[in-house]
>>> print(open('structure.txt').read())   # compact mmCIF, C-alpha atoms
# COMPACT_ATOMS: atom_id res chain seq x y z
CA MET F 10 34.77 85.93 102.64
CA SER F 11 31.42 87.15 101.37
CA ASP F 12 30.52 87.49 97.69
CA SER F 13 30.57 91.24 98.13
CA GLU F 14 34.11 91.17 99.48
CA GLN F 15 35.28 88.78 96.77
CA ASN F 16 33.77 91.04 94.18
CA PHE F 17 35.51 94.03 95.73
CA ASP F 18 38.90 92.26 95.82
CA SER F 19 38.52 91.23 92.22
CA GLN F 20 37.73 94.80 91.22
CA LEU F 21 40.65 95.99 93.27
CA GLN F 22 43.04 93.72 91.40
CA ASP F 23 41.71 94.85 88.05
CA LEU F 24 41.93 98.51 88.96
CA TYR F 25 45.43 98.05 90.38
CA GLN F 26 46.64 96.49 87.13
CA GLN F 27 44.97 99.24 85.09
CA ARG F 28 46.68 101.83 87.24
CA LYS F 29 50.04 100.13 86.78
CA ARG F 30 49.66 100.09 83.02
CA ALA F 31 49.07 103.85 83.13
CA HIS F 32 52.28 104.50 85.09
CA LYS F 33 55.28 102.87 83.43
CA ALA F 34 58.90 103.51 84.32
CA PRO F 35 60.48 106.20 82.08
CA SER F 36 62.77 104.64 79.48
CA ARG F 37 65.70 106.88 80.44
CA ILE F 38 66.11 104.91 83.67
CA LYS F 39 66.74 101.77 81.68
CA LYS F 40 69.25 103.49 79.42
CA HIS F 41 71.17 104.86 82.36
CA VAL F 42 71.18 101.58 84.29
CA LEU F 43 72.26 99.49 81.31
CA LEU F 44 75.00 101.96 80.45
CA LYS F 45 76.34 101.58 83.96
CA ALA F 46 76.06 97.79 83.75
CA LYS F 47 78.00 97.77 80.46
CA ARG F 48 80.72 99.95 81.93
CA ASN F 49 80.95 97.62 84.89
CA ALA F 50 81.21 94.62 82.62
CA ARG F 51 83.97 96.25 80.57
CA LYS F 52 85.85 97.18 83.72
CA SER F 53 85.75 93.62 84.99
CA GLU F 54 86.78 92.26 81.60
CA SER F 55 89.81 94.49 81.49
CA SER F 56 90.77 93.98 85.10
CA PRO F 57 92.65 90.64 84.68
CA TRP F 58 94.84 92.30 82.05
CA MET F 59 95.26 95.39 84.15
CA ASN F 60 96.19 93.26 87.13
CA ALA F 61 98.75 91.39 85.05
CA ALA F 62 100.15 94.67 83.72
CA ALA F 63 100.36 96.11 87.23
CA LEU F 64 102.17 92.98 88.44
CA ALA F 65 104.62 93.17 85.57
CA ALA F 66 105.25 96.86 86.22
CA THR F 67 105.87 96.16 89.90
CA LEU F 68 108.36 93.45 89.04
CA ILE F 69 110.19 95.74 86.62
CA ILE F 70 110.39 98.48 89.25
CA CYS F 71 111.68 96.01 91.87
CA VAL F 72 114.35 94.71 89.48
CA TRP F 73 115.31 98.27 88.53
CA PHE F 74 115.71 99.22 92.19
CA ALA F 75 117.73 96.10 92.93
CA VAL F 76 120.09 96.89 90.05
CA ASN F 77 120.36 100.66 90.34
CA VAL F 78 120.05 101.57 93.97
CA PRO F 79 123.27 101.02 95.94
CA VAL F 80 122.85 98.66 98.86
CA ASN F 81 124.56 101.08 101.19
CA GLU F 82 122.13 103.88 100.43
CA PRO F 83 121.49 105.55 103.78
CA SER F 84 118.03 105.13 105.16
CA PRO F 85 116.52 107.30 107.89
CA ASP F 86 116.41 104.25 110.16
CA ASN F 87 120.14 103.71 110.39
CA VAL F 88 121.26 107.36 110.35
CA ALA F 89 122.07 108.89 113.74
CA LEU F 90 122.26 112.55 112.75
CA VAL F 91 121.78 114.63 109.62
CA GLU F 92 123.93 117.71 109.13
CA PHE F 93 123.56 120.24 106.35
CA HIS F 94 126.67 122.17 105.29
CA SER F 95 126.28 125.06 102.85
CA LEU F 96 127.43 128.60 102.23
CA SER F 97 124.09 130.28 102.89
CA GLY F 98 122.49 127.72 105.19
CA GLU F 99 119.59 127.47 102.78
CA ASN F 100 118.32 123.90 102.56
CA LYS F 101 117.51 123.58 98.85
CA SER F 102 116.48 119.99 98.38
CA GLY F 103 115.09 119.45 101.86
CA ASP F 104 114.30 115.74 101.48
CA ASN F 105 115.77 114.67 104.80
CA PRO F 106 114.99 116.38 108.10
CA VAL F 107 118.12 118.20 109.19
CA ASP F 108 119.39 118.13 112.75
CA ARG F 109 122.18 120.72 112.41
CA VAL F 110 122.83 123.43 109.84
CA PHE F 111 126.32 124.82 109.19
CA GLU F 112 126.38 128.18 107.44
CA TYR F 113 129.82 128.77 105.97
CA ALA F 114 129.20 132.32 104.69
CA LYS F 115 129.32 133.53 108.25
CA LEU F 116 132.77 132.03 108.61
CA GLN F 117 134.11 133.38 105.33
CA LYS F 118 136.15 136.20 106.85
CA ASP F 119 137.66 134.04 109.50
CA PHE F 120 137.76 130.86 107.51
CA GLN F 121 141.52 130.84 107.30
CA ASN F 122 141.70 131.64 110.98
CA SER F 123 139.28 128.86 111.77
CA ARG F 124 141.63 126.48 110.02
CA ASN F 125 144.21 127.39 112.59
CA LYS F 126 141.83 126.92 115.47
CA LYS F 127 141.82 123.84 117.50
CA LEU F 128 140.77 121.02 115.21
CA ALA F 129 138.32 118.28 116.03
CA PRO F 130 139.45 114.70 115.36
CA PRO F 131 139.17 113.99 111.64
CA GLN F 132 136.31 111.87 110.44
CA ILE F 133 136.20 109.23 107.77
CA ALA F 134 133.18 109.26 105.54
CA GLU F 135 131.94 107.55 102.43
CA ILE F 136 130.59 109.55 99.52
CA MET F 137 127.11 108.15 99.01
CA THR F 138 125.92 110.31 96.14
CA ILE F 139 127.08 113.32 94.20
CA ASP F 140 124.40 115.26 92.40
CA GLU F 141 123.70 118.76 91.16
CA ASP F 142 122.62 120.20 94.47
CA GLU F 143 124.70 118.42 97.01
CA TRP F 144 127.03 115.68 98.09
CA LEU F 145 125.80 113.09 100.52
CA LEU F 146 128.40 111.69 102.90
CA LYS F 147 127.99 109.07 105.57
CA THR F 148 130.47 108.99 108.43
CA CYS F 149 131.65 105.95 110.34
CA ASN F 150 129.37 107.15 113.17
CA ASN F 151 126.37 106.79 110.87
CA GLU F 152 125.94 110.51 110.59
CA LEU F 153 124.66 111.82 107.30
CA LEU F 154 126.34 114.96 105.99
CA ARG F 155 124.67 116.89 103.22
CA VAL F 156 127.18 119.29 101.70
CA SER F 157 125.92 121.81 99.18
CA SER F 158 127.56 121.93 95.75
CA GLU F 159 128.29 125.65 96.21
CA LEU F 160 130.27 124.86 99.33
CA ILE F 161 132.14 122.04 97.55
CA ALA F 162 132.89 124.48 94.71
CA SER F 163 134.12 127.08 97.19
CA LEU F 164 136.32 124.56 98.99
CA SER F 165 137.58 123.23 95.65
CA GLU F 166 138.60 126.74 94.56
CA GLN F 167 140.72 126.89 97.65
CA GLN F 168 142.09 123.44 96.78
CA LEU F 169 140.56 122.01 99.93
CA VAL F 170 138.86 119.12 98.14
CA THR F 171 140.65 116.30 96.34
CA PRO F 172 139.74 116.67 92.67
CA ASP F 173 137.70 114.01 90.84
CA LEU F 174 136.14 112.35 93.82
CA ASN F 175 133.35 109.90 92.99
CA SER F 176 130.50 108.32 94.87
CA GLY F 177 131.53 105.14 96.65
CA GLU F 178 134.93 106.55 97.58
CA ALA F 179 136.03 107.16 101.16
CA VAL F 180 137.20 110.58 102.27
CA MET F 181 138.80 112.05 105.36
CA LEU F 182 137.07 115.17 106.68
CA ALA F 183 139.09 117.72 108.58
CA LEU F 184 136.76 119.56 110.97
CA ASN F 185 137.20 122.52 113.23
CA ASP F 186 136.12 122.32 116.84
CA GLU F 187 132.60 123.52 115.90
CA GLY F 188 132.15 120.75 113.33
CA TYR F 189 132.70 122.85 110.18
CA ILE F 190 134.40 120.98 107.33
CA LEU F 191 137.82 122.40 106.60
CA ASP F 192 138.82 120.07 103.85
CA ILE F 193 137.86 116.85 102.15
CA ARG F 194 140.62 114.44 101.16
CA ARG F 195 140.46 111.12 99.43
CA GLN F 196 140.95 108.23 101.83
CA GLU F 197 142.56 105.30 100.09
CA ASN F 198 141.68 102.74 102.71
CA LEU F 199 137.99 101.92 102.13
CA SER F 200 137.66 99.66 105.10
CA VAL F 201 138.51 102.29 107.70
CA CYS F 202 135.12 102.11 109.38
CA GLU F 203 135.31 98.36 109.89
CA MET O 22 77.19 68.01 80.13
CA SER O 23 77.95 71.30 78.43
CA PHE O 24 75.34 70.43 75.81
CA VAL O 25 72.75 70.05 78.57
CA LEU O 26 73.82 73.34 80.12
CA THR O 27 73.57 75.08 76.77
CA LEU O 28 70.09 73.67 76.28
CA LYS O 29 69.11 74.77 79.78
CA SER O 30 70.38 78.25 79.20
CA LEU O 31 68.32 78.46 76.03
CA PHE O 32 65.20 77.05 77.61
CA PRO O 33 62.86 79.90 78.49
CA GLY O 34 61.42 78.07 81.53
CA ASN O 35 64.64 78.72 83.40
CA THR O 36 64.54 82.45 83.10
CA SER O 37 63.02 83.23 86.49
CA ASN O 38 64.12 86.49 88.02
CA GLU O 39 66.21 84.58 90.56
CA TRP O 40 67.98 82.64 87.79
CA LEU O 41 68.57 85.86 85.83
CA MET O 42 70.02 87.62 88.85
CA THR O 43 72.30 84.70 89.61
CA GLN O 44 73.48 84.67 86.02
CA TYR O 45 74.06 88.39 86.14
CA ARG O 46 75.99 88.10 89.38
CA LEU O 47 78.20 85.38 87.95
CA SER O 48 78.76 86.78 84.48
CA GLN O 49 78.02 90.51 84.71
CA GLU O 50 76.44 90.19 81.29
CA PRO O 51 74.14 93.22 80.85
CA LYS O 52 71.64 91.08 78.90
CA PHE O 53 70.60 89.33 82.14
CA LEU O 54 70.15 92.64 83.91
CA GLU O 55 68.15 93.98 80.98
CA GLN O 56 65.77 91.07 81.16
CA LEU O 57 65.41 91.54 84.92
CA TYR O 58 64.71 95.18 84.33
CA ASN O 59 62.07 94.39 81.73
CA ASN O 60 60.40 91.99 84.16
CA CYS O 61 60.38 94.19 87.28
CA ALA O 62 61.05 97.85 86.52
CA ASN O 63 57.44 98.93 85.99
CA ASP O 64 56.27 97.21 89.19
CA LEU O 65 58.96 98.91 91.24
CA TYR O 66 58.41 102.30 89.64
CA HIS O 67 54.67 102.12 90.16
CA PHE O 68 55.12 101.16 93.81
CA LEU O 69 57.55 104.02 94.43
CA MET O 70 55.44 106.50 92.51
CA SER O 71 52.34 105.60 94.49
CA GLN O 72 54.30 106.25 97.70
CA SER O 73 55.82 109.54 96.54
CA ASP O 74 55.61 111.35 93.19
CA PRO O 75 56.76 110.64 89.62
CA HIS O 76 59.94 112.70 89.93
CA LEU O 77 61.14 111.08 93.15
CA ALA O 78 60.03 107.65 91.97
CA GLU O 79 62.21 108.02 88.88
CA GLU O 80 65.20 109.03 90.94
CA ILE O 81 64.74 106.25 93.48
CA SER O 82 64.08 103.65 90.77
CA GLN O 83 67.32 104.55 89.06
CA ARG O 84 69.27 104.45 92.30
CA THR O 85 67.71 101.11 93.18
CA TRP O 86 68.77 99.52 89.91
CA LEU O 87 72.23 101.00 90.19
CA LEU O 88 72.49 99.42 93.63
CA VAL O 89 71.45 96.10 92.12
CA VAL O 90 74.43 96.46 89.78
CA GLU O 91 76.80 97.50 92.55
CA ARG O 92 75.60 95.01 95.14
CA ARG O 93 75.11 92.07 92.80
CA ASN O 94 77.52 90.00 94.88
CA GLN O 95 75.40 90.52 97.98
CA TYR O 96 72.38 88.92 96.33
CA GLN O 97 71.56 85.55 97.83
CA GLN O 98 69.05 83.30 96.19
CA THR O 99 67.11 82.64 99.39
CA GLY O 100 63.98 84.55 98.44
CA ARG O 101 62.43 86.12 95.43
CA PHE O 102 64.50 88.66 93.54
CA THR O 103 61.61 91.12 93.63
CA GLY O 104 61.63 90.97 97.43
CA TRP O 105 65.28 92.07 97.43
CA LEU O 106 64.57 94.73 94.80
CA PHE O 107 61.58 96.20 96.62
CA THR O 108 63.47 96.17 99.93
CA ILE O 109 66.28 98.25 98.42
CA GLY O 110 63.81 100.61 96.74
CA ARG O 111 61.66 101.04 99.83
CA ASN O 112 64.65 101.76 102.07
CA LEU O 113 66.00 104.34 99.64
CA LEU O 114 62.59 105.97 99.40
CA LEU O 115 62.10 106.16 103.17
CA ASP O 116 65.60 107.61 103.61
CA GLU O 117 64.84 110.25 101.03
CA LEU O 118 61.42 111.11 102.45
CA ARG O 119 62.84 111.36 105.97
CA LYS O 120 65.75 113.45 104.74
CA ASN O 121 63.35 115.88 103.09
CA LYS O 122 60.97 115.74 106.07
CA ARG O 123 58.23 114.48 103.81
CA PHE O 124 57.58 111.40 105.88
CA VAL O 125 55.33 111.39 108.92
CA ASP O 126 55.11 108.20 110.95
CA THR O 127 51.40 107.83 111.45
CA GLU O 128 51.23 104.21 112.54
CA GLN O 129 48.66 104.81 115.29
CA ALA O 130 46.55 107.13 113.22
CA GLU O 131 46.54 104.58 110.43
CA LEU O 132 44.99 101.86 112.51
CA THR O 133 41.59 103.37 112.20
CA GLU O 134 38.90 102.53 109.75
CA MET O 135 36.41 104.56 107.85
CA VAL O 136 33.90 101.90 107.00
CA THR O 137 30.66 102.57 105.31
CA GLU O 138 28.24 99.95 104.18
CA LEU O 139 28.67 99.18 100.53
CA ASP O 140 26.30 97.73 98.09
CA GLY O 141 29.13 95.90 96.34
CA SER O 142 27.27 95.63 93.07
CA ASP O 143 28.42 98.91 91.53
CA ARG O 144 31.50 98.89 89.34
CA LEU O 145 34.28 101.12 90.64
CA THR O 146 36.18 103.34 88.26
CA LEU O 147 39.94 103.78 87.94
CA GLU O 148 39.53 107.40 88.90
CA ASP O 149 37.78 106.41 92.15
CA PHE O 150 40.50 103.90 92.85
CA ASN O 151 43.33 106.38 92.23
CA ARG O 152 41.75 108.96 94.45
CA ALA O 153 41.10 106.48 97.23
CA LEU O 154 44.60 104.98 97.05
CA GLU O 155 46.16 108.42 97.34
CA GLN O 156 44.16 109.09 100.47
CA LEU O 157 45.23 105.92 102.23
CA PRO O 158 47.78 106.35 105.02
CA PHE O 159 51.38 105.54 103.98
CA TYR O 160 51.82 102.15 105.66
CA GLN O 161 48.35 100.89 104.73
CA ARG O 162 48.91 101.84 101.11
CA GLU O 163 52.32 100.17 101.22
CA ALA O 164 50.94 96.92 102.63
CA MET O 165 48.04 96.92 100.20
CA MET O 166 50.25 97.54 97.19
CA LEU O 167 52.78 94.89 98.16
CA MET O 168 49.92 92.44 98.51
CA GLN O 169 48.70 93.42 95.05
CA GLU O 170 52.24 92.74 93.82
CA ASN O 171 51.72 89.14 94.95
CA PHE O 172 54.01 89.26 97.94
CA GLY O 173 52.97 87.00 100.80
CA LEU O 174 52.64 88.13 104.40
CA LYS O 175 56.10 86.84 105.27
CA GLU O 176 57.67 88.64 102.31
CA ILE O 177 55.89 91.91 103.09
CA SER O 178 57.02 91.56 106.66
CA GLU O 179 60.63 91.14 105.49
CA ILE O 180 60.50 93.96 102.95
CA THR O 181 59.07 96.40 105.48
CA ASN O 182 60.89 94.96 108.50
CA THR O 183 57.59 94.79 110.35
CA PRO O 184 55.92 91.93 112.26
CA GLN O 185 53.46 89.86 110.24
CA GLU O 186 50.59 90.61 112.62
CA THR O 187 51.05 94.33 112.03
CA ILE O 188 51.07 93.73 108.29
CA LYS O 189 47.84 91.77 108.59
CA SER O 190 46.23 94.67 110.44
CA ARG O 191 47.44 97.19 107.91
CA ILE O 192 46.05 95.18 105.04
CA ARG O 193 42.72 94.71 106.78
CA TYR O 194 42.38 98.42 107.53
CA ALA O 195 43.61 99.34 104.05
CA ARG O 196 40.94 97.20 102.40
CA LYS O 197 38.21 98.62 104.56
CA ASN O 198 39.36 102.19 104.17
CA LEU O 199 39.88 101.83 100.47
CA ARG O 200 36.42 100.45 100.07
CA SER O 201 34.97 103.24 102.13
CA LEU O 202 36.90 105.97 100.31
CA MET O 203 36.07 104.59 96.89
CA GLU O 204 32.39 104.41 97.77
CA ALA O 205 32.48 107.96 99.10
CA SER O 206 34.11 109.30 95.96
CA LYS O 207 31.48 107.87 93.65
>>> encode(input="structure.txt", output="C-alpha cells")
Amino acid sequence: MSDSEQNFDSQLQDLYQQRKRAHKAPSRIKKHVLLKAKRNARKSESSPWMNAAALAATLIICVWFAVNVPVNEPSPDNVALVEFHSLSGENKSGDNPVDRVFEYAKLQKDFQNSRNKKLAPPQIAEIMTIDEDEWLLKTCNNELLRVSSELIASLSEQQLVTPDLNSGEAVMLALNDEGYILDIRRQENLSVCE
Amino acid sequence: MSFVLTLKSLFPGNTSNEWLMTQYRLSQEPKFLEQLYNNCANDLYHFLMSQSDPHLAEEISQRTWLLVVERRNQYQQTGRFTGWLFTIGRNLLLDELRKNKRFVDTEQAELTEMVTELDGSDRLTLEDFNRALEQLPFYQREAMMLMQENFGLKEISEITNTPQETIKSRIRYARKNLRSLMEASK
C-alpha cells in the first residue's frame, strides 16, 4: 500500500469516527428497550410463583371434581341416544346434541287417549341430575333422556310422577308406542340394569 | 470458589460484549443489557442511519434491541456479539426497505469504479466525506462501513451472507469510488 493510500485510509477512519460522533442513537430507544427488558425480567421472576399457583389451582380443581362429580355422570362417549322431552319442544339448555325431540303440547288433547294406546315396554332409568331446567335420566340402554321441568311439573300435576324423587334413584318409565313418557315411577330395585 | 467468581464479576476486564450478553441471557438482569446498549447502540444506529434515514434507523434500532431481548436464548457465544447485533439489524433494515420498495439491488452496477488521480496530500473534510458516502452504492457503502466498524472479512461475509471474495471486491471499489467522489466534491 502506497503512502498516499495509507494517508487516505487514515483520513477515512478519522472522518468515519467524526461522522459517528455526530449521529448518536436517540435516547428514547434506550428507554424503551430497557423498559421492555425490565418487564421481561419481572415476568420471569414471577413465573415460578405463577407456575406453582397454577399447579395448586389445578390440583384443587381435580380434587373438587373427584369429590363432587358423580362417577356415573353420563359422557357423550357412552351414550347411545339423546332424547329431549318437553311441552313445547324448545331445547332451552342445549348442552348436548339431541337426536330426538318429543313435543308434548301437541299431544295434550289426546294425552289421556295416548295413555290407552298400545304401550311400549317400560324402561328403567336412573335419575342422573335434577336441576332448574330439566331432569337428566339414563336408561339401561345407555340412552340419555332430557326431560324439561315444565313437563315434569305437568306430569306431576296429573300425579304421573312419584313425588320427591332424587338424583341417584331408579325410576320406571311408562312409554307409549311412539316413545312419549306417560309416567315416571320410583323403582325400588336399583340394580335392575345389571 | 464463589469469592473468585465474585471478584471476576467485579473485574472490569471481563466485561466484553460477549460476556455481558451471556450474563444477560442467563440472568435477564437489565443492567447487563444496558451496558451492552451503551457499548454498541451508537455504532448500530449510525450504520443503519447511513443505509437509510434517521427515522427508519431509529425504528430499526429499537426493533433490533427488542429482538436481542426476545431472542437472548438464541445467542451463542461463537462470534462477536456485535456481529450478531448487526446481522439482526441489517436483516430488519433490508426487509423494511424491500417492503417499502426503497431497495434496489444494484450489485452489477456497483462493481464499477470512478477513479480519478488524487494528490493525496490535501486534507478531506467531514462534509466531503458525508457527501461521498451518501453517493456510494448500497452494498459498497455497507461493506466499507462494516470494515470501519472493525469487522473482518469473514465477519462481514457472515453478517451480509455474501462470499468473502465479493466483499473484498466491494470494499476495493468502495475505497476507490469514495476517494474519487471526495476528490470531486472538493
>>> closest_residue(input="structure.txt", among="O:Pro184, O:Pro75, O:Pro51, O:Gly173", to="chain F", atoms="all atoms listed in the file")
O:Pro51
>>> closest_atom_pairs(input="structure.txt", of="chain F", to="chain O", cutoff="8 Å", atoms="only C-alpha atoms", output="tab-separated table")
residue	atom	partner	partner_atom	distance
F:Ser13	CA	O:Gly141	CA	5.2
F:Glu14	CA	O:Gly141	CA	7.6
F:Asn16	CA	O:Gly141	CA	7.1
F:Phe17	CA	O:Gly141	CA	6.7
F:Gln20	CA	O:Leu145	CA	7.2
F:Leu21	CA	O:Phe150	CA	7.9
F:Gln22	CA	O:Gln169	CA	6.7
F:Leu24	CA	O:Leu147	CA	5.7
F:Tyr25	CA	O:Gln169	CA	7.3
F:Gln27	CA	O:Leu147	CA	7.4
F:Arg28	CA	O:Leu147	CA	7.1
F:Lys29	CA	O:His67	CA	6.1
F:His32	CA	O:His67	CA	6.1
F:Lys33	CA	O:Asn63	CA	5.2
F:Ala34	CA	O:Asn63	CA	5.1
F:Pro35	CA	O:Glu79	CA	7.2
F:Ile38	CA	O:Gln83	CA	5.5
F:Lys39	CA	O:Tyr58	CA	7.4
F:His41	CA	O:Gln83	CA	7.7
F:Val42	CA	O:Leu87	CA	6.0
F:Leu43	CA	O:Pro51	CA	6.6
F:Lys45	CA	O:Leu87	CA	7.5
F:Ala46	CA	O:Pro51	CA	5.7
F:Lys47	CA	O:Pro51	CA	6.0
F:Asn49	CA	O:Gln49	CA	7.7
F:Ala50	CA	O:Gln49	CA	5.6
>>> atom_distance(input="structure.txt", atom1="CA of Tyr194 in chain O", atom2="CA of Asp74 in chain O")
23.4 Å
>>> atom_distance(input="structure.txt", atom1="CA of Ile193 in chain F", atom2="CA of Ala179 in chain F")
9.9 Å
>>> residues_around(input="structure.txt", residues="Asn182 in chain O", least_positions_apart="4", cutoff="12 Å", atoms="all atoms listed in the file", output="list in words")
Gly104, Phe107, Thr108, Ile109, Arg111, Asn112, Tyr160, Ala164, Leu174, Lys175, Glu176, Ile177, Ser178, Glu186, Thr187 and Ile188 of chain O
>>> write_last_selection(input="structure.txt", atoms="C-alpha atoms", output="PDB file, in the frame of the given file")
ATOM      1  CA  GLY O 104      61.630  90.970  97.430  1.00  0.00           C
ATOM      2  CA  PHE O 107      61.580  96.200  96.620  1.00  0.00           C
ATOM      3  CA  THR O 108      63.470  96.170  99.930  1.00  0.00           C
ATOM      4  CA  ILE O 109      66.280  98.250  98.420  1.00  0.00           C
ATOM      5  CA  ARG O 111      61.660 101.040  99.830  1.00  0.00           C
ATOM      6  CA  ASN O 112      64.650 101.760 102.070  1.00  0.00           C
ATOM      7  CA  TYR O 160      51.820 102.150 105.660  1.00  0.00           C
ATOM      8  CA  ALA O 164      50.940  96.920 102.630  1.00  0.00           C
ATOM      9  CA  LEU O 174      52.640  88.130 104.400  1.00  0.00           C
ATOM     10  CA  LYS O 175      56.100  86.840 105.270  1.00  0.00           C
ATOM     11  CA  GLU O 176      57.670  88.640 102.310  1.00  0.00           C
ATOM     12  CA  ILE O 177      55.890  91.910 103.090  1.00  0.00           C
ATOM     13  CA  SER O 178      57.020  91.560 106.660  1.00  0.00           C
ATOM     14  CA  GLU O 186      50.590  90.610 112.620  1.00  0.00           C
ATOM     15  CA  THR O 187      51.050  94.330 112.030  1.00  0.00           C
ATOM     16  CA  ILE O 188      51.070  93.730 108.290  1.00  0.00           C
TER      17      ILE O 188
END
>>> axis_aligned_box(input="structure.txt", around="range 18-34 of chain F", padding_each_side="6 Å", output="AutoDock Vina command-line options")
--center_x 48.3 --center_y 97.9 --center_z 89.4 --size_x 33.2 --size_y 25.3 --size_z 24.8
>>> atom_distance(input="structure.txt", atom1="CA of Ala62 in chain F", atom2="CA of Leu47 in chain O")
24.2 Å
>>> decode(input="structure.txt", residues="range 82-98 of chain O", atoms="N, CA, C and O atoms", output="PDB file, in the first residue's frame")
ATOM      1  N   SER O  82     -33.368   0.311  14.829  1.00  0.00           N
ATOM      2  CA  SER O  82     -32.514   0.138  16.016  1.00  0.00           C
ATOM      3  C   SER O  82     -33.327  -0.405  17.181  1.00  0.00           C
ATOM      4  O   SER O  82     -32.931  -1.357  17.855  1.00  0.00           O
ATOM      5  N   GLN O  83     -34.469   0.232  17.398  1.00  0.00           N
ATOM      6  CA  GLN O  83     -35.320  -0.194  18.520  1.00  0.00           C
ATOM      7  C   GLN O  83     -35.771  -1.634  18.345  1.00  0.00           C
ATOM      8  O   GLN O  83     -35.701  -2.436  19.284  1.00  0.00           O
ATOM      9  N   ARG O  84     -36.198  -1.949  17.138  1.00  0.00           N
ATOM     10  CA  ARG O  84     -36.660  -3.333  16.890  1.00  0.00           C
ATOM     11  C   ARG O  84     -35.517  -4.326  17.051  1.00  0.00           C
ATOM     12  O   ARG O  84     -35.717  -5.450  17.517  1.00  0.00           O
ATOM     13  N   THR O  85     -34.323  -3.911  16.652  1.00  0.00           N
ATOM     14  CA  THR O  85     -33.165  -4.806  16.783  1.00  0.00           C
ATOM     15  C   THR O  85     -32.893  -5.115  18.254  1.00  0.00           C
ATOM     16  O   THR O  85     -32.731  -6.288  18.640  1.00  0.00           O
ATOM     17  N   TRP O  86     -32.899  -4.077  19.075  1.00  0.00           N
ATOM     18  CA  TRP O  86     -32.622  -4.297  20.502  1.00  0.00           C
ATOM     19  C   TRP O  86     -33.736  -5.088  21.176  1.00  0.00           C
ATOM     20  O   TRP O  86     -33.481  -5.903  22.076  1.00  0.00           O
ATOM     21  N   LEU O  87     -34.948  -4.857  20.734  1.00  0.00           N
ATOM     22  CA  LEU O  87     -36.058  -5.642  21.300  1.00  0.00           C
ATOM     23  C   LEU O  87     -35.918  -7.120  20.925  1.00  0.00           C
ATOM     24  O   LEU O  87     -36.234  -8.004  21.718  1.00  0.00           O
ATOM     25  N   LEU O  88     -35.404  -7.355  19.713  1.00  0.00           N
ATOM     26  CA  LEU O  88     -35.164  -8.750  19.313  1.00  0.00           C
ATOM     27  C   LEU O  88     -34.024  -9.373  20.118  1.00  0.00           C
ATOM     28  O   LEU O  88     -34.047 -10.572  20.402  1.00  0.00           O
ATOM     29  N   VAL O  89     -33.055  -8.550  20.473  1.00  0.00           N
ATOM     30  CA  VAL O  89     -31.971  -9.060  21.332  1.00  0.00           C
ATOM     31  C   VAL O  89     -32.568  -9.542  22.665  1.00  0.00           C
ATOM     32  O   VAL O  89     -32.211 -10.599  23.187  1.00  0.00           O
ATOM     33  N   VAL O  90     -33.515  -8.761  23.171  1.00  0.00           N
ATOM     34  CA  VAL O  90     -34.184  -9.146  24.428  1.00  0.00           C
ATOM     35  C   VAL O  90     -34.978 -10.442  24.219  1.00  0.00           C
ATOM     36  O   VAL O  90     -34.861 -11.391  24.993  1.00  0.00           O
ATOM     37  N   GLU O  91     -35.757 -10.458  23.148  1.00  0.00           N
ATOM     38  CA  GLU O  91     -36.636 -11.618  22.922  1.00  0.00           C
ATOM     39  C   GLU O  91     -35.855 -12.882  22.565  1.00  0.00           C
ATOM     40  O   GLU O  91     -36.231 -13.977  22.965  1.00  0.00           O
ATOM     41  N   ARG O  92     -34.790 -12.702  21.775  1.00  0.00           N
ATOM     42  CA  ARG O  92     -34.060 -13.875  21.285  1.00  0.00           C
ATOM     43  C   ARG O  92     -32.782 -14.133  22.072  1.00  0.00           C
ATOM     44  O   ARG O  92     -31.851 -14.738  21.545  1.00  0.00           O
ATOM     45  N   ARG O  93     -32.742 -13.659  23.292  1.00  0.00           N
ATOM     46  CA  ARG O  93     -31.498 -13.789  24.081  1.00  0.00           C
ATOM     47  C   ARG O  93     -31.050 -15.251  24.193  1.00  0.00           C
ATOM     48  O   ARG O  93     -29.867 -15.537  24.232  1.00  0.00           O
ATOM     49  N   ASN O  94     -32.032 -16.156  24.211  1.00  0.00           N
ATOM     50  CA  ASN O  94     -31.664 -17.569  24.360  1.00  0.00           C
ATOM     51  C   ASN O  94     -31.100 -18.170  23.078  1.00  0.00           C
ATOM     52  O   ASN O  94     -30.563 -19.271  23.097  1.00  0.00           O
ATOM     53  N   GLN O  95     -31.259 -17.454  21.977  1.00  0.00           N
ATOM     54  CA  GLN O  95     -30.693 -17.951  20.710  1.00  0.00           C
ATOM     55  C   GLN O  95     -29.248 -17.502  20.528  1.00  0.00           C
ATOM     56  O   GLN O  95     -28.585 -17.930  19.601  1.00  0.00           O
ATOM     57  N   TYR O  96     -28.796 -16.604  21.400  1.00  0.00           N
ATOM     58  CA  TYR O  96     -27.431 -16.098  21.252  1.00  0.00           C
ATOM     59  C   TYR O  96     -26.440 -17.191  21.631  1.00  0.00           C
ATOM     60  O   TYR O  96     -26.537 -17.798  22.690  1.00  0.00           O
ATOM     61  N   GLN O  97     -25.489 -17.418  20.724  1.00  0.00           N
ATOM     62  CA  GLN O  97     -24.439 -18.392  21.007  1.00  0.00           C
ATOM     63  C   GLN O  97     -23.112 -17.676  20.928  1.00  0.00           C
ATOM     64  O   GLN O  97     -22.855 -16.933  19.977  1.00  0.00           O
ATOM     65  N   GLN O  98     -22.280 -17.943  21.922  1.00  0.00           N
ATOM     66  CA  GLN O  98     -21.041 -17.187  22.032  1.00  0.00           C
ATOM     67  C   GLN O  98     -19.975 -17.758  21.090  1.00  0.00           C
ATOM     68  O   GLN O  98     -18.888 -18.128  21.519  1.00  0.00           O
TER      69      GLN O  98
END
